[in-house]
Structure formats: C-alpha cells, structure tokens
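Asks: Structure: target-v1.csv, CSV, C-alpha atoms.
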chain,number,residue,atom,x,y,z
Q,17,MET,CA,44.8,-51.8,62.7
Q,18,LYS,CA,44.4,-55.5,63.0
Q,19,ASN,CA,44.8,-57.8,60.0
Q,20,ASP,CA,41.1,-58.8,59.9
Q,21,ASP,CA,40.1,-55.1,60.0
Q,22,ASN,CA,42.6,-54.4,57.2
Q,23,SER,CA,41.2,-57.2,55.0
Q,24,ARG,CA,37.6,-56.2,55.7
Q,25,LEU,CA,38.2,-52.6,54.7
Q,26,LEU,CA,40.1,-53.5,51.6
Q,27,SER,CA,37.2,-55.8,50.6
Q,28,ILE,CA,34.7,-52.9,51.0
Q,29,ILE,CA,36.8,-50.7,48.8
Q,30,LYS,CA,36.9,-53.3,46.0
Q,31,GLN,CA,33.1,-53.3,46.0
Q,32,PHE,CA,33.0,-49.6,45.2
Q,33,LYS,CA,33.5,-50.3,41.5
Q,34,ASP,CA,30.6,-49.4,39.2
Q,35,VAL,CA,28.2,-48.7,42.1
Q,36,PRO,CA,25.6,-46.3,40.7
Q,37,ILE,CA,25.3,-43.1,42.8
Q,38,VAL,CA,23.3,-40.0,42.1
Q,39,VAL,CA,24.6,-36.6,43.3
Q,40,ALA,CA,22.3,-33.6,43.4
Q,41,GLY,CA,23.5,-30.2,44.6
Q,42,ASP,CA,25.1,-26.8,44.0
Q,43,LEU,CA,27.6,-27.0,41.1
Q,44,ILE,CA,30.6,-24.8,41.5
Q,45,LEU,CA,33.8,-24.2,39.5
Q,46,ASP,CA,36.9,-24.0,41.7
Q,47,HIS,CA,39.4,-21.7,40.1
Q,48,TYR,CA,42.9,-21.7,41.5
Q,49,ILE,CA,45.6,-19.0,40.9
Q,50,TRP,CA,49.0,-20.3,42.1
Q,51,GLY,CA,51.9,-17.9,42.6
Q,52,LYS,CA,54.7,-16.6,44.7
Q,53,VAL,CA,55.0,-13.6,47.0
Q,54,ASP,CA,58.2,-11.6,47.4
Q,55,ARG,CA,57.1,-8.1,48.1
Q,56,ILE,CA,54.4,-5.8,49.5
Q,57,SER,CA,52.4,-3.6,47.1
Q,58,PRO,CA,53.4,0.1,47.2
Q,59,GLU,CA,49.8,1.0,46.6
Q,60,ALA,CA,48.3,-0.7,49.7
Q,61,PRO,CA,49.5,-2.9,52.6
Q,62,VAL,CA,48.8,-6.1,50.7
Q,63,VAL,CA,51.1,-8.8,49.2
Q,64,VAL,CA,51.8,-8.9,45.4
Q,65,VAL,CA,51.3,-12.4,44.0
Q,66,LYS,CA,53.3,-13.3,40.9
Q,67,VAL,CA,51.2,-15.8,39.1
Q,68,THR,CA,52.9,-19.0,38.0
Q,69,GLU,CA,49.9,-21.3,37.2
Q,70,GLU,CA,46.1,-21.5,37.0
Q,71,SER,CA,43.9,-24.5,37.3
Q,72,LYS,CA,40.1,-25.3,37.4
Q,73,ARG,CA,38.4,-28.2,39.1
Q,74,PRO,CA,34.8,-29.2,39.8
Q,75,GLY,CA,33.7,-27.8,43.2
Q,76,GLY,CA,30.7,-28.1,45.4
Q,77,ALA,CA,28.5,-31.1,44.4
Q,78,GLY,CA,31.0,-31.5,41.5
Q,79,ASN,CA,33.8,-32.3,44.0
Q,80,VAL,CA,31.5,-35.0,45.5
Q,81,ALA,CA,31.0,-36.5,42.1
Q,82,ASN,CA,34.7,-36.3,41.4
Q,83,ASN,CA,35.5,-38.2,44.5
Q,84,LEU,CA,32.9,-40.9,43.7
Q,85,VAL,CA,34.3,-41.4,40.2
Q,86,SER,CA,37.9,-41.6,41.6
Q,87,LEU,CA,36.7,-44.3,44.0
Q,88,GLY,CA,35.3,-46.3,41.0
Q,89,ALA,CA,31.6,-45.5,41.3
Q,90,LYS,CA,29.3,-44.8,38.4
Q,91,VAL,CA,27.9,-41.3,38.9
Q,92,ALA,CA,25.0,-39.2,37.6
Q,93,ILE,CA,24.7,-35.6,38.7
Q,94,CYS,CA,21.8,-33.2,39.0
Q,95,GLY,CA,22.0,-29.4,39.3
Q,96,VAL,CA,22.2,-26.2,37.3
Q,97,VAL,CA,24.9,-24.2,35.6
Q,98,GLY,CA,24.8,-20.8,33.8
Q,99,ASP,CA,24.8,-20.3,30.1
Q,100,ASP,CA,28.5,-19.3,30.2
Q,101,GLU,CA,32.0,-20.4,29.6
Q,102,ASN,CA,32.4,-21.6,33.2
Q,103,GLY,CA,29.2,-23.8,32.9
Q,104,ARG,CA,30.5,-25.3,29.7
Q,105,ALA,CA,33.9,-25.9,31.4
Q,106,LEU,CA,32.1,-27.9,34.2
Q,107,LEU,CA,30.1,-29.9,31.7
Q,108,SER,CA,33.3,-30.7,29.8
Q,109,MET,CA,35.1,-31.8,33.0
Q,110,PHE,CA,32.2,-34.1,34.0
Q,111,GLY,CA,32.0,-35.5,30.5
Q,112,ASP,CA,35.8,-36.3,30.5
Q,113,ALA,CA,35.3,-38.0,33.9
Q,114,GLY,CA,32.5,-40.2,32.6
Q,115,VAL,CA,29.8,-38.5,34.8
Q,116,ASP,CA,26.2,-38.7,33.5
Q,117,THR,CA,25.2,-35.0,33.0
Q,118,GLU,CA,21.6,-35.6,31.8
Q,119,GLY,CA,20.4,-34.0,35.1
Q,120,ILE,CA,22.3,-30.7,34.7
Q,121,LEU,CA,20.0,-27.9,33.5
Q,122,VAL,CA,21.3,-24.6,32.0
Q,123,ASP,CA,19.7,-21.7,33.8
Q,124,ARG,CA,20.1,-18.5,31.8
Q,125,THR,CA,19.0,-16.3,34.7
Q,126,ARG,CA,22.1,-16.9,36.8
Q,127,PRO,CA,25.9,-17.3,36.2
Q,128,THR,CA,27.7,-20.5,37.1
Q,129,SER,CA,29.1,-20.2,40.6
Q,130,VAL,CA,32.8,-19.7,40.7
Q,131,LYS,CA,35.2,-19.6,43.7
Q,132,THR,CA,38.6,-18.2,42.8
Q,133,ARG,CA,41.4,-18.9,45.3
Q,134,VAL,CA,44.8,-17.2,45.1
Q,135,ILE,CA,47.4,-19.5,46.7
Q,136,ALA,CA,51.0,-18.6,47.4
Q,137,HIS,CA,53.6,-20.7,49.2
Q,138,ALA,CA,51.0,-23.3,50.1
Q,139,GLN,CA,48.7,-20.7,51.8
Q,140,GLN,CA,45.5,-19.2,50.6
Q,141,VAL,CA,45.9,-15.5,50.2
Q,142,VAL,CA,42.3,-14.5,49.3
Q,143,ARG,CA,39.1,-16.1,47.9
Q,144,VAL,CA,36.8,-14.3,45.4
Q,145,ASP,CA,33.3,-15.6,44.9
Q,146,ARG,CA,31.2,-14.9,41.8
Q,147,GLU,CA,27.6,-16.2,42.2
Q,148,GLU,CA,23.9,-15.7,42.5
Q,149,THR,CA,22.3,-17.5,45.4
Q,150,HIS,CA,18.6,-16.9,44.9
Q,151,VAL,CA,16.4,-20.0,45.0
Q,152,LEU,CA,15.8,-21.6,41.6
Q,153,SER,CA,12.6,-20.5,39.8
Q,154,PRO,CA,9.7,-23.0,40.2
Q,155,ALA,CA,10.3,-24.4,36.7
Q,156,TYR,CA,14.0,-25.1,37.3
Q,157,ALA,CA,13.3,-26.5,40.8
Q,158,GLU,CA,10.8,-28.9,39.4
Q,159,GLY,CA,13.2,-29.8,36.6
Q,160,VAL,CA,16.0,-30.7,39.0
Q,161,SER,CA,13.7,-32.7,41.3
Q,162,GLY,CA,12.1,-34.4,38.4
Q,163,VAL,CA,15.4,-35.6,37.0
Q,164,LEU,CA,16.4,-36.7,40.5
Q,165,ARG,CA,13.2,-38.6,41.0
Q,166,SER,CA,13.8,-40.4,37.6
Q,167,LYS,CA,17.2,-41.6,38.9
Q,168,PHE,CA,15.9,-43.2,42.1
Q,169,ARG,CA,15.2,-46.6,40.7
Q,170,GLU,CA,18.7,-47.1,39.2
Q,171,ALA,CA,20.7,-45.7,42.1
Q,172,LYS,CA,22.3,-47.6,45.0
Q,173,GLY,CA,22.8,-44.3,46.9
Q,174,ILE,CA,22.0,-40.6,46.7
Q,175,ILE,CA,24.0,-37.6,48.0
Q,176,ILE,CA,22.4,-34.2,48.4
Q,177,SER,CA,25.3,-31.7,48.4
Q,178,ASP,CA,23.8,-28.4,49.7
Q,179,TYR,CA,26.2,-25.4,49.5
Q,180,GLY,CA,23.4,-22.9,50.1
Q,181,LYS,CA,23.6,-21.5,46.5
Q,182,GLY,CA,19.8,-21.9,45.8
Q,183,THR,CA,19.7,-25.2,43.9
Q,184,MET,CA,18.7,-27.4,46.8
Q,185,CYS,CA,15.2,-26.0,47.6
Q,186,ALA,CA,11.9,-27.3,48.9
Q,187,PRO,CA,10.8,-29.4,45.8
Q,188,VAL,CA,14.1,-31.4,46.0
Q,189,PHE,CA,13.6,-32.3,49.6
Q,190,ASP,CA,9.9,-33.0,48.9
Q,191,CYS,CA,11.1,-35.4,46.3
Q,192,ILE,CA,13.3,-37.2,48.9
Q,193,ARG,CA,10.5,-37.4,51.4
Q,194,SER,CA,8.3,-38.9,48.7
Q,195,GLY,CA,10.9,-41.6,48.1
Q,196,TYR,CA,10.8,-42.5,51.8
Q,197,GLU,CA,7.1,-42.6,51.9
Q,198,GLN,CA,7.0,-45.0,48.9
Q,199,GLY,CA,9.4,-47.2,50.7
Q,200,PHE,CA,12.4,-47.5,48.4
Q,201,LEU,CA,14.8,-44.9,50.0
Q,202,GLY,CA,16.5,-45.5,53.4
Q,203,PHE,CA,19.0,-47.6,55.3
Q,204,GLY,CA,19.3,-51.1,53.8
Q,205,LYS,CA,17.6,-49.9,50.6
Q,206,VAL,CA,18.9,-46.8,48.8
Q,207,PRO,CA,20.7,-44.6,51.4
Q,208,VAL,CA,20.4,-40.8,51.2
Q,209,LEU,CA,23.1,-38.5,52.6
Q,210,ILE,CA,22.5,-34.8,53.0
Q,211,ASP,CA,25.5,-32.5,53.4
Q,212,PRO,CA,23.7,-29.5,55.0
Q,213,LYS,CA,23.9,-25.7,55.1
Q,214,MET,CA,22.4,-23.5,57.7
Q,215,ARG,CA,20.2,-21.6,55.1
Q,216,ASN,CA,18.1,-24.8,54.6
Q,217,PHE,CA,18.0,-26.4,58.1
Q,218,SER,CA,14.2,-26.0,58.2
Q,219,LEU,CA,13.8,-28.0,54.9
Q,220,TYR,CA,15.6,-31.2,56.1
Q,221,SER,CA,13.6,-34.3,57.1
Q,222,ARG,CA,13.7,-37.9,56.1
Q,223,ALA,CA,17.3,-38.9,55.2
Q,224,THR,CA,19.5,-41.8,56.0
Q,225,VAL,CA,22.4,-39.6,57.1
Q,226,ILE,CA,22.7,-35.8,57.6
Q,227,LYS,CA,26.3,-34.7,58.0
Q,228,PRO,CA,26.8,-31.3,59.6
Q,229,ASN,CA,30.2,-30.0,60.6
Q,230,ARG,CA,30.8,-28.7,64.2
Q,231,SER,CA,29.5,-25.1,63.6
Q,232,GLU,CA,26.5,-26.3,61.7
Q,233,ALA,CA,25.6,-28.9,64.4
Q,234,GLN,CA,26.0,-26.3,67.1
Q,235,GLU,CA,23.7,-23.9,65.3
Q,236,ALA,CA,21.0,-26.5,64.5
Q,237,SER,CA,21.0,-28.1,68.0
Q,238,SER,CA,21.8,-25.1,70.2
Q,239,ILE,CA,24.4,-27.2,72.0
Q,240,PRO,CA,28.0,-26.0,72.2
Q,241,ILE,CA,30.4,-28.6,71.0
Q,242,ALA,CA,33.8,-28.6,72.6
Q,243,ASN,CA,34.4,-32.4,72.5
Q,244,ARG,CA,33.0,-35.6,71.0
Q,245,GLN,CA,30.7,-36.3,73.9
Q,246,GLN,CA,28.9,-33.0,73.4
Q,247,ALA,CA,28.9,-33.8,69.6
Q,248,ILE,CA,27.0,-37.0,70.4
Q,249,GLU,CA,24.5,-35.1,72.6
Q,250,ALA,CA,24.0,-32.6,69.7
Q,251,ALA,CA,23.5,-35.5,67.2
Q,252,LYS,CA,20.8,-37.1,69.4
Q,253,VAL,CA,18.9,-33.8,69.3
Q,254,LEU,CA,19.3,-33.5,65.6
Q,255,LEU,CA,18.1,-37.1,65.0
Q,256,GLN,CA,14.8,-36.0,66.4
Q,257,LYS,CA,14.7,-32.5,64.8
Q,258,TRP,CA,15.5,-33.8,61.3
Q,259,ASN,CA,13.7,-37.1,61.6
Q,260,CYS,CA,16.6,-38.9,60.0
Q,261,GLU,CA,18.3,-42.3,60.7
Q,262,MET,CA,21.8,-41.0,61.4
Q,263,VAL,CA,23.6,-37.8,62.2
Q,264,LEU,CA,27.3,-37.7,61.4
Q,265,ILE,CA,29.1,-34.7,62.8
Q,266,THR,CA,32.6,-33.9,61.4
Q,267,LEU,CA,34.9,-32.4,64.0
Q,268,GLY,CA,38.1,-31.5,62.0
Q,269,GLU,CA,41.2,-32.7,63.8
Q,270,GLU,CA,39.1,-34.5,66.4
Q,271,GLY,CA,37.6,-36.9,63.8
Q,272,MET,CA,33.9,-37.4,63.8
Q,273,ALA,CA,30.9,-38.6,65.9
Q,274,LEU,CA,28.0,-40.7,64.5
Q,275,VAL,CA,24.7,-41.3,66.2
Q,276,SER,CA,22.3,-43.8,64.6
Q,277,THR,CA,18.9,-45.5,65.0
Q,278,ALA,CA,19.3,-47.2,61.6
Q,279,GLY,CA,17.7,-50.6,61.2
Q,280,GLY,CA,15.4,-50.0,64.2
Q,281,LYS,CA,18.2,-50.3,66.7
Q,282,GLU,CA,18.5,-48.3,69.9
Q,283,VAL,CA,20.6,-45.2,69.7
Q,284,GLU,CA,24.1,-46.2,68.7
Q,285,ALA,CA,27.0,-43.8,69.1
Q,286,ILE,CA,30.3,-44.3,67.2
Q,287,GLU,CA,33.4,-42.1,67.6
Q,288,SER,CA,36.2,-42.1,65.0
Q,289,ASP,CA,39.6,-40.5,65.5
Q,290,THR,CA,41.2,-38.3,62.9
Q,291,LEU,CA,43.8,-40.2,60.8
Q,292,ALA,CA,45.5,-37.2,59.1
Q,293,ARG,CA,49.3,-37.1,59.4
Q,294,GLU,CA,49.6,-33.6,58.1
Q,295,VAL,CA,46.9,-30.9,57.4
Q,296,TYR,CA,47.6,-28.3,54.6
Q,297,ASP,CA,44.0,-27.6,53.4
Q,298,VAL,CA,40.6,-28.8,54.7
Q,299,SER,CA,38.6,-27.4,51.7
Q,300,GLY,CA,36.7,-30.3,50.1
Q,301,ALA,CA,37.4,-32.7,52.9
Q,302,GLY,CA,33.7,-32.8,53.8
Q,303,ASP,CA,32.9,-33.8,50.3
Q,304,THR,CA,35.3,-36.7,50.5
Q,305,VAL,CA,33.7,-37.9,53.8
Q,306,SER,CA,30.3,-37.7,52.1
Q,307,ALA,CA,31.4,-39.7,49.1
Q,308,VAL,CA,33.2,-42.5,51.0
Q,309,PHE,CA,30.6,-42.8,53.8
Q,310,LEU,CA,27.6,-43.1,51.4
Q,311,LEU,CA,29.5,-45.4,49.1
Q,312,ALA,CA,30.3,-47.7,52.0
Q,313,LEU,CA,26.7,-47.8,53.1
Q,314,ALA,CA,25.6,-48.5,49.5
Q,315,VAL,CA,27.7,-51.7,49.5
Q,316,ASN,CA,26.3,-52.7,53.0
Q,317,ALA,CA,29.4,-51.9,55.1
Q,318,SER,CA,28.9,-51.6,58.8
Q,319,LEU,CA,28.5,-48.1,60.2
Q,320,ARG,CA,31.8,-48.4,62.0
Q,321,ASP,CA,33.6,-49.4,58.9
Q,322,ALA,CA,32.0,-46.7,56.8
Q,323,ALA,CA,33.0,-44.1,59.4
Q,324,TRP,CA,36.5,-45.5,59.6
Q,325,LEU,CA,37.0,-45.4,55.8
Q,326,ALA,CA,35.6,-41.9,55.5
Q,327,ASN,CA,38.1,-40.7,58.2
Q,328,ILE,CA,41.0,-42.4,56.4
Q,329,ALA,CA,40.0,-40.7,53.1
Q,330,ALA,CA,39.7,-37.3,54.7
Q,331,GLY,CA,43.1,-37.8,56.2
Q,332,ILE,CA,44.5,-38.2,52.7
Q,333,VAL,CA,42.9,-35.2,51.0
Q,334,VAL,CA,43.8,-32.6,53.7
Q,335,ARG,CA,47.4,-33.2,52.9
Q,336,GLU,CA,46.9,-31.6,49.5
Q,337,ILE,CA,46.2,-27.9,48.6
Q,338,GLY,CA,42.8,-27.2,47.0
Q,339,THR,CA,39.8,-29.5,46.4
Q,340,VAL,CA,41.1,-32.9,45.4
Q,341,ALA,CA,39.6,-36.3,45.0
Q,342,VAL,CA,40.9,-39.4,46.8
Q,343,SER,CA,41.4,-42.3,44.4
Q,344,HIS,CA,40.5,-46.0,44.8
Q,345,GLU,CA,44.2,-46.8,44.8
Q,346,GLU,CA,45.1,-44.1,47.4
Q,347,LEU,CA,42.4,-45.2,49.8
Q,348,GLY,CA,43.4,-48.9,49.5
Q,349,GLY,CA,47.1,-48.0,49.9
Q,350,GLU,CA,46.4,-45.9,53.0
Q,351,VAL,CA,44.4,-48.8,54.5
Q,352,GLU,CA,47.3,-51.1,53.9
Q,353,ARG,CA,49.8,-48.7,55.4
Q,354,LEU,CA,47.7,-48.3,58.5
Q,355,GLY,CA,47.6,-52.1,58.7
Q,356,GLU,CA,51.4,-52.2,59.0
Q,357,VAL,CA,51.6,-49.5,61.7
Can the structure in the file be given as structure tokens, please?

Replies:
Amino acid sequence: MKNDDNSRLLSIIKQFKDVPIVVAGDLILDHYIWGKVDRISPEAPVVVVKVTEESKRPGGAGNVANNLVSLGAKVAICGVVGDDENGRALLSMFGDAGVDTEGILVDRTRPTSVKTRVIAHAQQVVRVDREETHVLSPAYAEGVSGVLRSKFREAKGIIISDYGKGTMCAPVFDCIRSGYEQGFLGFGKVPVLIDPKMRNFSLYSRATVIKPNRSEAQEASSIPIANRQQAIEAAKVLLQKWNCEMVLITLGEEGMALVSTAGGKEVEAIESDTLAREVYDVSGAGDTVSAVFLLALAVNASLRDAAWLANIAAGIVVREIGTVAVSHEELGGEVERLGEV
C-alpha cells in the first residue's frame, strides 16, 4: 500500500467517530459453548465435549450494530425480541454498548432467536437454532417500519440486516422506497445498505447497496459464479433486477466485486482482493463488511476506498472464532501494518 493510500484510509477511519447510523434487522443472540474433546461417546458415534466456558454475544443485526459501535459510530437499532431471558440479555448488551434501543419491540408471540454453537479445539462441532421465522404480525411490522421511518432524518446511513427470520418484511422495504421517493435516501445523501437473504429477494428494490454473498448472487441472478468476472456479470444483472445503485458481492477468499451506477455514472466495476492472513471462522464477517462499507460511504469515502477498508476489516475478524466486532484501533492498526508491507 502506498503512503498516500495509507494516509487517506486512516483519515477516513478517523471520521467514523459519532456518525449516526440506524440498523434494522433480525436480532439474534449468539450463544457459544467452548470445550475440549478427548473421547467418543459410547452411546453413539459422536464426540463428547467437556465444557470449559460459555459466552453470549449479539448476533444477526446485533453483530452489525456491535461492529459499528466498535468503529466509533453512534448507533440506533430497530427490530424485535421475545419476552424472555434471551431478549432481556440482548437489550442489556446493547445498553452496555451505548446502542439506542428505542426501536426494539417486544413481541410476545415469538421467542428471541438464539444460535448455540458448540466449539472445541477451534472448530465448530454443532450449531443448534431456537427460533420462529414467521413474518411479523401487521401491528409489529408497522411498528418496526414506523420507528425506522422516524430515524431517517437523524441518520447518516442505514443498514438493513436481513437474516430471513421474519422481521424484515414488506412494510420495512416500503418504508425504504418511500424515503427514496421523498428524495432524502440514496448515494450522496443517506446511503442504505441491504444485506439480503433469498427468502426476501422479491421484496428488494431501491437501495444504495445490496450485498449478497456468492451463493445468494448466483441464486438471484441465475449466473454461476466461479470467478470475479462472473461475479461482475451477475452484479450487473442484479443492478437492474433490484433497481439499486450498487451491488457488492462478497466472494470469501477471493475478496469482493462491486458494480455501481452511483452518482449517475456509467457502470463502474471494482474488484478487491482478500486481505486475510489466516482464516479460522467466517461467521459474522459479512456483518463487518456491511458496517465498514456503509460507514465509509456515510463519510463520503470513494467506492474503492470503502471496498478496500471493508476487505481489510473482514480480514481481521475471520482470524477469530465466533462473531466478533472489529475495533477502530484494530482497523487503523491493520491499515498501518499494510502500509509497511
């Protein structure tokens, strides 16, 4: 990395502090059971995990919010939790992190979504999901979209974190379209990033950025993606299909591909190489990419710099086990390290 690139990226990171961002999406509690394996069960051909530790972290849209807070942003979150111990745990975690939880509704008809991962010797042994994924009732859907709409004017950026658990439904996306029609959402105004799930592909339209991974982009575009050139072709199709300003396809170890018509430009394609030194766990890396890319757009970084920073941040979090947030200091430190390489 050249010195001027290094200085420019560090300057962008410094601007992240106190930028108001709104996150709306599926709230999940990530529950980790850590342990050791030294034998096979006599009851069945499965390993026996001796538990050494347990931990809980915000997952789903909560992990996006966690990343944004760690990067210095001022975050408000919209979604639902159940009237249960796990929902209260999430609210407490957000409160401790300084996240505005005014937009979190308590839905007594469904439990808080929980993903329990059993991890031994740095490997995930099994994951157990406890959740209800039916679409929110009309009253709760209107409640979430109403709170989101009320946050538009104070936000510098919006992230829709769709995990397909039922929170992100038609009224929420109608709310985003309305903000575009009124002229205050979009590139150069208040950018909106949607992290999609196949379940809701038909609902997406009008966003600054839609960020599918490889399999999601293949499904939505009907184009097989074996390399970044094919990813670019798929992104061009999705630009039209979803009527958005950019499509950012994450490609794991191959980095990412971005296609944009933002600012009225001709189609612009940007490829970004992966910068991960070691990969232990990719869970949550997409949330980190969403947080960093959107935050960079919110402070008017170039698309190339936003993609570069998002890739650097993803390279940091995949070195850790479980969903983790990249900090302002870690991201700046990694940029400085790359400037010395």

Asks: Using only C-alpha atoms, list the residues that have an atom at most 12 Å from (17.8, -46.1, 38.5), coordinates as in the file, as an MDAnalysis selection string.

Replies: chainID Q and resid 35:38 90:92 163:174 200:201 206

Asks: For Gly51 of chain Q, work out the shell of residues within 12 Å, counting all atoms listed in the file and skipping chain neighbours fewer than 4 positions away, then give it as a PyMOL selection string.

Replies: chain Q and resi 63-71+133-141

Asks: Could you please give me, as a PDB file with C-alpha atoms, in the frame of the given file, the residues of protein, DNA or RNA lying at most 7 Å from (21.3, -35.4, 33.1) in the coordinate frame of the file, considering all atoms listed in the file?

Replies:
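Output below, filename part-v4.pdb:
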ATOM      1  CA  ALA Q  92      25.000 -39.200  37.600  1.00  0.00           C
ATOM      2  CA  ILE Q  93      24.700 -35.600  38.700  1.00  0.00           C
ATOM      3  CA  CYS Q  94      21.800 -33.200  39.000  1.00  0.00           C
ATOM      4  CA  ASP Q 116      26.200 -38.700  33.500  1.00  0.00           C
ATOM      5  CA  THR Q 117      25.200 -35.000  33.000  1.00  0.00           C
ATOM      6  CA  GLU Q 118      21.600 -35.600  31.800  1.00  0.00           C
ATOM      7  CA  GLY Q 119      20.400 -34.000  35.100  1.00  0.00           C
ATOM      8  CA  ILE Q 120      22.300 -30.700  34.700  1.00  0.00           C
TER       9      ILE Q 120
END

Asks: Might you pull out every residue within 10 Å of segment 334-349 of chain Q, with only C-alpha atoms counted and same-chain residues fewer than 4 positions away left off, and present them as a PyMOL selection string?

Replies: chain Q and resi 22+25-30+32-33+46-48+72-76+79-89+133+135+138-140+292-301+303-304+307-308+325-326+328-330+353-355

Asks: For segment 210-218 of chain Q, find every residue with an atom within 9 Å (counting all atoms listed in the file), except residues of its own chain fewer than 4 positions away, and show them as number ranges by chain.

Replies: Q: 174-180, 184-186, 223-229, 232, 235-236, 258, 302-303, 306

Asks: Using only C-alpha atoms, which of Q:Glu269, Q:Gln234, Q:Leu264, Q:Lys252 sits nearest Ala322 of chain Q?

Replies: Q:Leu264

Asks: Could you please determine the separation between atom CA of Ala105 of chain Q and atom CA of Val160 of chain Q in Å, to one decimal place?

Replies: 20.0 Å

Asks: Counting only C-alpha atoms, figure out which residue out of Q:Leu209, Q:Ala278, Q:Val97, Q:Ala155 gets nearest to Val39 of chain Q.

Replies: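 Looking only at the distances to Val39 of chain Q, the closest residue turns out to be Q:Leu209.
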
Asks: Only all heavy atoms, please: segment 155-163 of chain Q from the block, as a compact mmCIF listing (two decimals), in the first residue's frame.

Replies:
# COMPACT_ATOMS: atom_id res chain seq x y z
N ALA Q 155 -49.24 -5.48 13.01
CA ALA Q 155 -49.02 -4.44 14.02
C ALA Q 155 -47.54 -4.27 14.33
O ALA Q 155 -47.03 -3.13 14.41
CB ALA Q 155 -49.79 -4.79 15.30
N TYR Q 156 -46.81 -5.38 14.48
CA TYR Q 156 -45.38 -5.28 14.78
C TYR Q 156 -44.59 -4.82 13.56
O TYR Q 156 -43.62 -4.06 13.67
CB TYR Q 156 -44.85 -6.63 15.29
CG TYR Q 156 -45.12 -6.84 16.76
CD1 TYR Q 156 -46.16 -7.66 17.18
CD2 TYR Q 156 -44.35 -6.20 17.73
CE1 TYR Q 156 -46.44 -7.84 18.53
CE2 TYR Q 156 -44.60 -6.38 19.08
CZ TYR Q 156 -45.65 -7.20 19.48
OH TYR Q 156 -45.91 -7.37 20.82
N ALA Q 157 -45.01 -5.27 12.37
CA ALA Q 157 -44.32 -4.84 11.15
C ALA Q 157 -44.44 -3.33 10.97
O ALA Q 157 -43.46 -2.64 10.64
CB ALA Q 157 -44.89 -5.56 9.93
N GLU Q 158 -45.63 -2.81 11.21
CA GLU Q 158 -45.83 -1.36 11.11
C GLU Q 158 -45.08 -0.63 12.22
O GLU Q 158 -44.57 0.48 12.03
CB GLU Q 158 -47.32 -1.02 11.17
CG GLU Q 158 -48.10 -1.42 9.93
CD GLU Q 158 -47.60 -0.73 8.67
OE1 GLU Q 158 -47.05 0.40 8.77
OE2 GLU Q 158 -47.75 -1.31 7.58
N GLY Q 159 -44.99 -1.28 13.39
CA GLY Q 159 -44.25 -0.68 14.49
C GLY Q 159 -42.77 -0.53 14.17
O GLY Q 159 -42.18 0.54 14.38
N VAL Q 160 -42.16 -1.59 13.63
CA VAL Q 160 -40.73 -1.54 13.27
C VAL Q 160 -40.49 -0.52 12.16
O VAL Q 160 -39.57 0.31 12.24
CB VAL Q 160 -40.23 -2.93 12.85
CG1 VAL Q 160 -38.82 -2.83 12.26
CG2 VAL Q 160 -40.22 -3.88 14.04
N SER Q 161 -41.33 -0.55 11.11
CA SER Q 161 -41.13 0.39 10.00
C SER Q 161 -41.39 1.82 10.43
O SER Q 161 -40.72 2.75 9.97
CB SER Q 161 -42.02 0.02 8.80
OG SER Q 161 -43.39 0.01 9.15
N GLY Q 162 -42.32 2.02 11.36
CA GLY Q 162 -42.60 3.37 11.86
C GLY Q 162 -41.41 3.94 12.62
O GLY Q 162 -41.06 5.12 12.45
N VAL Q 163 -40.80 3.12 13.48
CA VAL Q 163 -39.62 3.58 14.21
C VAL Q 163 -38.48 3.86 13.24
O VAL Q 163 -37.77 4.87 13.36
CB VAL Q 163 -39.19 2.53 15.27
CG1 VAL Q 163 -37.88 2.95 15.92
CG2 VAL Q 163 -40.25 2.36 16.32
